[in-house]
>>> print(open('protein-v6.cif').read())   # mmCIF, N, CA and C atoms
data_data
#
loop_
_atom_site.label_atom_id
_atom_site.label_comp_id
_atom_site.auth_asym_id
_atom_site.auth_seq_id
_atom_site.Cartn_x
_atom_site.Cartn_y
_atom_site.Cartn_z
N GLN A 20 19.43 2.04 8.08
CA GLN A 20 18.13 2.00 8.73
C GLN A 20 17.03 1.98 7.67
N VAL A 21 16.16 0.98 7.78
CA VAL A 21 15.08 0.85 6.81
C VAL A 21 13.93 1.78 7.20
N GLN A 22 13.44 2.51 6.21
CA GLN A 22 12.28 3.37 6.43
C GLN A 22 11.31 3.25 5.26
N LEU A 23 10.04 3.08 5.60
CA LEU A 23 8.95 3.17 4.63
C LEU A 23 8.02 4.25 5.15
N VAL A 24 7.87 5.31 4.37
CA VAL A 24 7.10 6.47 4.83
C VAL A 24 5.94 6.70 3.88
N GLU A 25 4.72 6.54 4.43
CA GLU A 25 3.51 6.73 3.62
C GLU A 25 3.04 8.17 3.68
N SER A 26 2.33 8.56 2.64
CA SER A 26 1.68 9.86 2.59
C SER A 26 0.49 9.77 1.64
N GLY A 27 -0.38 10.77 1.72
CA GLY A 27 -1.48 10.86 0.76
C GLY A 27 -2.84 10.48 1.30
N GLY A 28 -2.90 10.03 2.54
CA GLY A 28 -4.20 9.69 3.11
C GLY A 28 -5.02 10.94 3.38
N GLY A 29 -6.27 10.71 3.76
CA GLY A 29 -7.14 11.85 4.08
C GLY A 29 -8.59 11.46 4.07
N LEU A 30 -9.44 12.48 4.06
CA LEU A 30 -10.88 12.30 4.06
C LEU A 30 -11.41 12.58 2.66
N VAL A 31 -12.24 11.66 2.17
CA VAL A 31 -12.79 11.81 0.83
C VAL A 31 -14.21 11.29 0.82
N GLN A 32 -15.03 11.84 -0.05
CA GLN A 32 -16.41 11.35 -0.17
C GLN A 32 -16.45 10.06 -0.99
N ALA A 33 -17.46 9.28 -0.75
CA ALA A 33 -17.66 8.06 -1.53
C ALA A 33 -17.69 8.41 -3.02
N GLY A 34 -17.01 7.57 -3.80
CA GLY A 34 -16.90 7.82 -5.23
C GLY A 34 -15.66 8.60 -5.63
N GLY A 35 -14.99 9.15 -4.63
CA GLY A 35 -13.81 9.96 -4.90
C GLY A 35 -12.55 9.12 -5.05
N SER A 36 -11.43 9.83 -5.18
CA SER A 36 -10.14 9.19 -5.41
C SER A 36 -9.08 9.73 -4.46
N LEU A 37 -8.11 8.88 -4.18
CA LEU A 37 -6.91 9.27 -3.44
C LEU A 37 -5.73 8.51 -4.03
N ARG A 38 -4.56 9.11 -3.88
CA ARG A 38 -3.33 8.43 -4.29
C ARG A 38 -2.39 8.37 -3.11
N LEU A 39 -2.08 7.17 -2.67
CA LEU A 39 -1.12 6.98 -1.58
C LEU A 39 0.27 6.80 -2.15
N SER A 40 1.25 7.31 -1.42
CA SER A 40 2.65 7.17 -1.81
C SER A 40 3.44 6.57 -0.66
N CYS A 41 4.48 5.82 -1.00
CA CYS A 41 5.36 5.24 0.00
C CYS A 41 6.79 5.44 -0.47
N ALA A 42 7.57 6.13 0.34
CA ALA A 42 8.98 6.36 0.03
C ALA A 42 9.83 5.37 0.81
N ALA A 43 10.65 4.62 0.11
CA ALA A 43 11.48 3.59 0.72
C ALA A 43 12.93 4.04 0.78
N SER A 44 13.58 3.72 1.89
CA SER A 44 15.00 3.98 2.03
C SER A 44 15.61 2.89 2.90
N GLY A 45 16.93 2.68 2.75
CA GLY A 45 17.62 1.70 3.56
C GLY A 45 17.50 0.27 3.06
N ILE A 46 16.86 0.08 1.90
CA ILE A 46 16.76 -1.26 1.31
C ILE A 46 17.16 -1.19 -0.16
N ILE A 47 17.53 -2.35 -0.70
CA ILE A 47 17.76 -2.43 -2.15
C ILE A 47 16.39 -2.56 -2.78
N PHE A 48 15.80 -1.45 -3.08
CA PHE A 48 14.38 -1.38 -3.43
C PHE A 48 14.03 -2.30 -4.59
N SER A 49 14.92 -2.42 -5.56
CA SER A 49 14.58 -3.14 -6.79
C SER A 49 14.35 -4.62 -6.58
N ILE A 50 14.84 -5.19 -5.48
CA ILE A 50 14.70 -6.63 -5.28
C ILE A 50 13.60 -6.98 -4.27
N TYR A 51 12.96 -5.96 -3.72
CA TYR A 51 11.90 -6.19 -2.75
C TYR A 51 10.54 -6.25 -3.43
N ASP A 52 9.70 -7.19 -2.96
CA ASP A 52 8.28 -7.13 -3.29
C ASP A 52 7.66 -6.08 -2.37
N MET A 53 6.81 -5.25 -2.93
CA MET A 53 6.20 -4.17 -2.16
C MET A 53 4.69 -4.33 -2.15
N GLY A 54 4.07 -3.86 -1.08
CA GLY A 54 2.63 -4.02 -1.00
C GLY A 54 1.97 -2.95 -0.16
N TRP A 55 0.66 -2.91 -0.27
CA TRP A 55 -0.18 -2.07 0.58
C TRP A 55 -1.14 -2.99 1.33
N PHE A 56 -1.20 -2.79 2.64
CA PHE A 56 -2.14 -3.48 3.50
C PHE A 56 -3.03 -2.42 4.14
N ARG A 57 -4.13 -2.87 4.71
CA ARG A 57 -4.99 -1.94 5.46
C ARG A 57 -5.57 -2.65 6.66
N GLN A 58 -5.90 -1.83 7.65
CA GLN A 58 -6.50 -2.35 8.87
C GLN A 58 -7.60 -1.40 9.32
N ALA A 59 -8.81 -1.91 9.34
CA ALA A 59 -9.96 -1.14 9.82
C ALA A 59 -10.14 -1.43 11.31
N PRO A 60 -10.81 -0.55 12.04
CA PRO A 60 -11.02 -0.77 13.49
C PRO A 60 -11.71 -2.10 13.75
N GLY A 61 -11.13 -2.87 14.66
CA GLY A 61 -11.72 -4.14 15.03
C GLY A 61 -11.50 -5.26 14.04
N LYS A 62 -10.72 -5.01 13.00
CA LYS A 62 -10.48 -6.03 11.99
C LYS A 62 -8.99 -6.32 11.87
N GLN A 63 -8.69 -7.46 11.26
CA GLN A 63 -7.29 -7.83 11.04
C GLN A 63 -6.72 -7.06 9.85
N ARG A 64 -5.41 -6.90 9.88
CA ARG A 64 -4.74 -6.28 8.74
C ARG A 64 -4.87 -7.21 7.54
N GLU A 65 -5.18 -6.62 6.38
CA GLU A 65 -5.37 -7.41 5.18
C GLU A 65 -4.59 -6.84 4.01
N LEU A 66 -4.21 -7.73 3.10
CA LEU A 66 -3.52 -7.31 1.90
C LEU A 66 -4.49 -6.59 0.97
N VAL A 67 -4.06 -5.46 0.45
CA VAL A 67 -4.85 -4.71 -0.53
C VAL A 67 -4.29 -4.97 -1.93
N ALA A 68 -2.98 -4.78 -2.07
CA ALA A 68 -2.34 -4.96 -3.38
C ALA A 68 -0.86 -5.21 -3.17
N ARG A 69 -0.28 -5.97 -4.11
CA ARG A 69 1.13 -6.27 -4.04
C ARG A 69 1.73 -6.12 -5.43
N ILE A 70 2.98 -5.68 -5.46
CA ILE A 70 3.73 -5.62 -6.72
C ILE A 70 5.09 -6.23 -6.48
N THR A 71 5.44 -7.21 -7.29
CA THR A 71 6.69 -7.92 -7.08
C THR A 71 7.88 -7.09 -7.58
N SER A 72 9.07 -7.60 -7.29
CA SER A 72 10.27 -6.91 -7.76
C SER A 72 10.28 -6.80 -9.29
N GLY A 73 9.65 -7.75 -9.93
CA GLY A 73 9.59 -7.75 -11.39
C GLY A 73 8.43 -6.99 -11.98
N GLY A 74 7.55 -6.48 -11.11
CA GLY A 74 6.44 -5.66 -11.59
C GLY A 74 5.11 -6.36 -11.72
N SER A 75 5.03 -7.63 -11.37
CA SER A 75 3.75 -8.32 -11.40
C SER A 75 2.89 -7.84 -10.23
N THR A 76 1.58 -7.79 -10.48
CA THR A 76 0.68 -7.26 -9.46
C THR A 76 -0.42 -8.25 -9.11
N ASN A 77 -0.92 -8.14 -7.89
CA ASN A 77 -2.13 -8.84 -7.52
C ASN A 77 -2.91 -7.99 -6.53
N TYR A 78 -4.22 -8.20 -6.49
CA TYR A 78 -5.11 -7.35 -5.71
C TYR A 78 -6.10 -8.19 -4.92
N ALA A 79 -6.54 -7.63 -3.81
CA ALA A 79 -7.67 -8.21 -3.10
C ALA A 79 -8.90 -8.09 -3.98
N ASP A 80 -9.78 -9.08 -3.90
CA ASP A 80 -10.99 -9.06 -4.73
C ASP A 80 -11.81 -7.80 -4.51
N SER A 81 -11.79 -7.29 -3.29
CA SER A 81 -12.63 -6.14 -2.94
C SER A 81 -12.18 -4.84 -3.62
N VAL A 82 -10.95 -4.81 -4.13
CA VAL A 82 -10.46 -3.57 -4.74
C VAL A 82 -10.14 -3.72 -6.23
N LYS A 83 -10.29 -4.92 -6.76
CA LYS A 83 -9.98 -5.13 -8.18
C LYS A 83 -10.82 -4.21 -9.06
N GLY A 84 -10.15 -3.59 -10.02
CA GLY A 84 -10.85 -2.68 -10.93
C GLY A 84 -10.98 -1.27 -10.40
N ARG A 85 -10.66 -1.06 -9.13
CA ARG A 85 -10.77 0.28 -8.53
C ARG A 85 -9.41 0.82 -8.11
N PHE A 86 -8.53 -0.05 -7.63
CA PHE A 86 -7.21 0.36 -7.14
C PHE A 86 -6.12 -0.11 -8.10
N THR A 87 -5.05 0.67 -8.17
CA THR A 87 -3.90 0.31 -9.00
C THR A 87 -2.61 0.56 -8.22
N ILE A 88 -1.79 -0.47 -8.11
CA ILE A 88 -0.48 -0.33 -7.46
C ILE A 88 0.58 -0.17 -8.53
N SER A 89 1.57 0.67 -8.24
CA SER A 89 2.69 0.88 -9.17
C SER A 89 3.94 1.21 -8.37
N ARG A 90 5.07 1.14 -9.04
CA ARG A 90 6.32 1.46 -8.37
C ARG A 90 7.25 2.19 -9.34
N ASP A 91 8.07 3.06 -8.75
CA ASP A 91 9.08 3.80 -9.50
C ASP A 91 10.43 3.39 -8.94
N TYR A 92 11.17 2.59 -9.72
CA TYR A 92 12.43 2.06 -9.22
C TYR A 92 13.46 3.16 -8.99
N ALA A 93 13.50 4.14 -9.86
CA ALA A 93 14.48 5.21 -9.74
C ALA A 93 14.25 6.06 -8.50
N LYS A 94 12.98 6.32 -8.20
CA LYS A 94 12.64 7.16 -7.04
C LYS A 94 12.45 6.34 -5.78
N LYS A 95 12.45 5.01 -5.89
CA LYS A 95 12.21 4.13 -4.74
C LYS A 95 10.86 4.45 -4.10
N MET A 96 9.85 4.53 -4.95
CA MET A 96 8.51 4.87 -4.49
C MET A 96 7.52 3.79 -4.90
N VAL A 97 6.51 3.62 -4.08
CA VAL A 97 5.38 2.75 -4.38
C VAL A 97 4.11 3.59 -4.25
N TYR A 98 3.19 3.38 -5.17
CA TYR A 98 1.96 4.17 -5.18
C TYR A 98 0.74 3.26 -5.15
N LEU A 99 -0.34 3.79 -4.62
CA LEU A 99 -1.62 3.11 -4.67
C LEU A 99 -2.66 4.14 -5.11
N GLN A 100 -3.09 4.02 -6.35
CA GLN A 100 -4.15 4.88 -6.86
C GLN A 100 -5.49 4.24 -6.52
N MET A 101 -6.31 4.96 -5.79
CA MET A 101 -7.58 4.44 -5.31
C MET A 101 -8.72 5.25 -5.92
N ASN A 102 -9.53 4.62 -6.74
CA ASN A 102 -10.66 5.28 -7.38
C ASN A 102 -11.97 4.65 -6.90
N SER A 103 -13.05 5.35 -7.13
CA SER A 103 -14.38 4.85 -6.75
C SER A 103 -14.39 4.37 -5.31
N LEU A 104 -13.88 5.18 -4.44
CA LEU A 104 -13.74 4.78 -3.04
C LEU A 104 -15.11 4.58 -2.39
N LYS A 105 -15.14 3.61 -1.47
CA LYS A 105 -16.36 3.26 -0.75
C LYS A 105 -16.12 3.44 0.75
N PRO A 106 -17.19 3.64 1.51
CA PRO A 106 -17.01 3.76 2.97
C PRO A 106 -16.27 2.56 3.58
N GLU A 107 -16.46 1.39 3.01
CA GLU A 107 -15.79 0.21 3.55
C GLU A 107 -14.29 0.17 3.25
N ASP A 108 -13.80 1.13 2.47
CA ASP A 108 -12.36 1.26 2.26
C ASP A 108 -11.69 2.03 3.40
N THR A 109 -12.48 2.57 4.30
CA THR A 109 -11.93 3.31 5.43
C THR A 109 -11.05 2.42 6.29
N ALA A 110 -9.81 2.85 6.50
CA ALA A 110 -8.83 2.05 7.25
C ALA A 110 -7.53 2.83 7.35
N VAL A 111 -6.63 2.31 8.15
CA VAL A 111 -5.23 2.77 8.11
C VAL A 111 -4.52 1.92 7.07
N TYR A 112 -3.85 2.58 6.15
CA TYR A 112 -3.16 1.88 5.06
C TYR A 112 -1.65 1.87 5.35
N TYR A 113 -1.07 0.69 5.22
CA TYR A 113 0.33 0.49 5.53
C TYR A 113 1.11 0.04 4.29
N CYS A 114 2.26 0.62 4.12
CA CYS A 114 3.20 0.19 3.08
C CYS A 114 4.03 -0.95 3.65
N ASN A 115 4.34 -1.91 2.80
CA ASN A 115 5.05 -3.12 3.23
C ASN A 115 6.11 -3.47 2.20
N GLY A 116 7.27 -3.90 2.71
CA GLY A 116 8.33 -4.39 1.83
C GLY A 116 8.79 -5.76 2.32
N GLU A 117 8.91 -6.73 1.38
CA GLU A 117 9.27 -8.08 1.76
C GLU A 117 10.35 -8.65 0.86
N LEU A 118 11.30 -9.34 1.48
CA LEU A 118 12.32 -10.08 0.76
C LEU A 118 12.68 -11.28 1.62
N ASN A 119 12.27 -12.46 1.18
CA ASN A 119 12.50 -13.70 1.93
C ASN A 119 11.98 -13.52 3.36
N LYS A 120 12.86 -13.65 4.36
CA LYS A 120 12.42 -13.56 5.75
C LYS A 120 12.34 -12.13 6.25
N TYR A 121 12.70 -11.17 5.45
CA TYR A 121 12.70 -9.77 5.87
C TYR A 121 11.37 -9.12 5.50
N ARG A 122 10.78 -8.43 6.48
CA ARG A 122 9.51 -7.75 6.26
C ARG A 122 9.55 -6.43 7.01
N TYR A 123 9.21 -5.37 6.30
CA TYR A 123 9.22 -4.04 6.90
C TYR A 123 7.89 -3.35 6.66
N TRP A 124 7.55 -2.46 7.63
CA TRP A 124 6.27 -1.74 7.59
C TRP A 124 6.48 -0.25 7.76
N GLY A 125 5.61 0.50 7.13
CA GLY A 125 5.55 1.92 7.40
C GLY A 125 4.68 2.19 8.61
N GLN A 126 4.53 3.47 8.94
CA GLN A 126 3.77 3.85 10.14
C GLN A 126 2.27 3.92 9.87
N GLY A 127 1.88 3.93 8.62
CA GLY A 127 0.47 3.95 8.26
C GLY A 127 -0.05 5.34 7.95
N THR A 128 -1.07 5.39 7.11
CA THR A 128 -1.74 6.64 6.80
C THR A 128 -3.24 6.38 6.78
N GLN A 129 -3.99 7.29 7.41
CA GLN A 129 -5.44 7.09 7.56
C GLN A 129 -6.17 7.48 6.28
N VAL A 130 -7.05 6.62 5.84
CA VAL A 130 -7.97 6.91 4.74
C VAL A 130 -9.39 6.79 5.29
N THR A 131 -10.15 7.85 5.15
CA THR A 131 -11.54 7.86 5.62
C THR A 131 -12.44 8.24 4.45
N VAL A 132 -13.41 7.38 4.17
CA VAL A 132 -14.35 7.61 3.08
C VAL A 132 -15.73 7.83 3.68
N SER A 133 -16.26 9.00 3.45
CA SER A 133 -17.59 9.34 3.99
C SER A 133 -18.68 9.00 2.98
N SER A 134 -19.82 8.63 3.52
CA SER A 134 -20.95 8.24 2.64
C SER A 134 -21.83 9.43 2.30
#
>>> encode(input="protein-v6.cif", output="structure tokens")
Amino acid sequence: QVQLVESGGGLVQAGGSLRLSCAASGIIFSIYDMGWFRQAPGKQRELVARITSGGSTNYADSVKGRFTISRDYAKKMVYLQMNSLKPEDTAVYYCNGELNKYRYWGQGTQVTVSS
């Protein structure tokens, strides 16, 4: 059974930082591309950051220079370090794992940034 379990969300003031974590199980973690998506109320889910199985990363323009995605192959974990948070970063953040036609999602964790 595949599970992606996020943690680390919460309420933070603008300018603050949070670190999201995603624990993966039930997949061969090392061969999956992993990512973080977010969905704000009334908006579509959007890609925030992705890290490939080989460790290459890409980011949405809106978070470049502020967010950093990383992965720990031994622990089967994916992280999203979020700095200089803005109110517009408020959303539910979802962990994602992809391999060819296979795509899995976590349950999401709420991030709220107050102004």
>>> atom_distance(input="protein-v6.cif", atom1="atom N of Asp52 in chain A", atom2="atom C of Val21 in chain A")
14.2 Å
>>> residues_around(input="protein-v6.cif", residues="range 24-26 of chain A", least_positions_apart="6", cutoff="6.5 Å", atoms="all atoms listed in the file", output="list in words")
Arg38, Leu39, Ser40, Cys41, Ala42, Ala43, Ser44, Cys114, Gly125, Gln126, Gly127 and Thr128 of chain A
>>> resolve_selection(input="protein-v6.cif", expression="the PyMOL selection byres (((chain A and resi 57 and name CA) around 10) and name CA)", output="list in words")
Trp55, Phe56, Gln58, Ala59, Lys62, Gln63, Arg64, Glu65, Leu66, Val67, Ala68, Asp108, Thr109, Ala110, Val111, Tyr112, Tyr113, Cys114, Gly127, Thr128, Gln129 and Val130 of chain A
>>> atom_distance(input="protein-v6.cif", atom1="CA of Asn102 in chain A", atom2="atom N of Asn77 in chain A")
16.6 Å
>>> closest_atom_pairs(input="protein-v6.cif", of="range 93-112 of chain A", to="range 30-35 of chain A", cutoff="8 Å", atoms="all atoms listed in the file", output="tab-separated table")
residue	atom	partner	partner_atom	distance
A:Met101	C	A:Gly35	C	5.5
A:Asn102	C	A:Gly35	C	4.9
A:Ser103	CA	A:Gly34	C	4.1
A:Leu104	C	A:Gly34	N	3.8
A:Lys105	N	A:Gly34	N	5.0
A:Pro106	N	A:Ala33	CA	5.4
>>> atom_distance(input="protein-v6.cif", atom1="CA of Met53 in chain A", atom2="CA of Gly116 in chain A")
4.5 Å
>>> build_atoms(input="protein-v6.cif", residues="range 59-70 of chain A", atoms="all heavy atoms", output="compact mmCIF listing (two decimals), keeping the file's coordinate frame")
# COMPACT_ATOMS: atom_id res chain seq x y z
N ALA A 59 -8.81 -1.91 9.34
CA ALA A 59 -9.96 -1.14 9.82
C ALA A 59 -10.14 -1.43 11.31
O ALA A 59 -9.71 -2.48 11.80
CB ALA A 59 -11.20 -1.53 9.04
N PRO A 60 -10.81 -0.55 12.04
CA PRO A 60 -11.02 -0.77 13.49
C PRO A 60 -11.71 -2.10 13.75
O PRO A 60 -12.71 -2.43 13.12
CB PRO A 60 -11.92 0.41 13.88
CG PRO A 60 -11.59 1.47 12.89
CD PRO A 60 -11.32 0.75 11.60
N GLY A 61 -11.13 -2.87 14.66
CA GLY A 61 -11.72 -4.14 15.03
C GLY A 61 -11.50 -5.26 14.04
O GLY A 61 -12.03 -6.36 14.22
N LYS A 62 -10.72 -5.01 13.00
CA LYS A 62 -10.48 -6.03 11.99
C LYS A 62 -8.99 -6.32 11.87
O LYS A 62 -8.15 -5.54 12.29
CB LYS A 62 -11.04 -5.58 10.64
CG LYS A 62 -12.55 -5.44 10.61
CD LYS A 62 -13.04 -5.19 9.21
CE LYS A 62 -14.55 -5.13 9.15
NZ LYS A 62 -15.05 -4.91 7.77
N GLN A 63 -8.69 -7.46 11.26
CA GLN A 63 -7.29 -7.83 11.04
C GLN A 63 -6.72 -7.06 9.85
O GLN A 63 -7.45 -6.63 8.95
CB GLN A 63 -7.18 -9.33 10.78
CG GLN A 63 -7.42 -10.20 12.00
CD GLN A 63 -7.06 -11.65 11.76
OE1 GLN A 63 -7.13 -12.14 10.64
NE2 GLN A 63 -6.65 -12.34 12.82
N ARG A 64 -5.41 -6.90 9.88
CA ARG A 64 -4.74 -6.28 8.74
C ARG A 64 -4.87 -7.21 7.54
O ARG A 64 -4.68 -8.42 7.65
CB ARG A 64 -3.27 -6.03 9.07
CG ARG A 64 -2.54 -5.17 8.07
CD ARG A 64 -1.14 -4.82 8.56
NE ARG A 64 -1.18 -4.01 9.77
CZ ARG A 64 -0.10 -3.44 10.31
NH1 ARG A 64 1.09 -3.57 9.71
NH2 ARG A 64 -0.19 -2.75 11.42
N GLU A 65 -5.18 -6.62 6.38
CA GLU A 65 -5.37 -7.41 5.18
C GLU A 65 -4.59 -6.84 4.01
O GLU A 65 -4.38 -5.61 3.92
CB GLU A 65 -6.86 -7.47 4.81
CG GLU A 65 -7.48 -6.12 4.48
CD GLU A 65 -8.93 -6.23 4.01
OE1 GLU A 65 -9.47 -7.35 3.94
OE2 GLU A 65 -9.51 -5.18 3.68
N LEU A 66 -4.21 -7.73 3.10
CA LEU A 66 -3.52 -7.31 1.90
C LEU A 66 -4.49 -6.59 0.97
O LEU A 66 -5.58 -7.07 0.71
CB LEU A 66 -2.92 -8.52 1.19
CG LEU A 66 -2.29 -8.25 -0.18
CD1 LEU A 66 -1.04 -7.40 -0.04
CD2 LEU A 66 -1.99 -9.55 -0.89
N VAL A 67 -4.06 -5.46 0.45
CA VAL A 67 -4.85 -4.71 -0.53
C VAL A 67 -4.29 -4.97 -1.93
O VAL A 67 -5.02 -5.33 -2.85
CB VAL A 67 -4.82 -3.20 -0.24
CG1 VAL A 67 -5.55 -2.42 -1.33
CG2 VAL A 67 -5.42 -2.92 1.13
N ALA A 68 -2.98 -4.78 -2.07
CA ALA A 68 -2.34 -4.96 -3.38
C ALA A 68 -0.86 -5.21 -3.17
O ALA A 68 -0.27 -4.73 -2.20
CB ALA A 68 -2.54 -3.72 -4.25
N ARG A 69 -0.28 -5.97 -4.11
CA ARG A 69 1.13 -6.27 -4.04
C ARG A 69 1.73 -6.12 -5.43
O ARG A 69 1.07 -6.44 -6.43
CB ARG A 69 1.37 -7.68 -3.51
CG ARG A 69 2.84 -8.09 -3.50
CD ARG A 69 3.03 -9.48 -2.95
NE ARG A 69 3.00 -9.50 -1.50
CZ ARG A 69 2.12 -10.18 -0.79
NH1 ARG A 69 1.19 -10.89 -1.38
NH2 ARG A 69 2.16 -10.15 0.54
N ILE A 70 2.98 -5.68 -5.46
CA ILE A 70 3.73 -5.62 -6.72
C ILE A 70 5.09 -6.23 -6.48
O ILE A 70 5.79 -5.85 -5.54
CB ILE A 70 3.81 -4.16 -7.26
CG1 ILE A 70 4.50 -4.14 -8.63
CG2 ILE A 70 4.50 -3.23 -6.27
CD1 ILE A 70 4.31 -2.81 -9.36
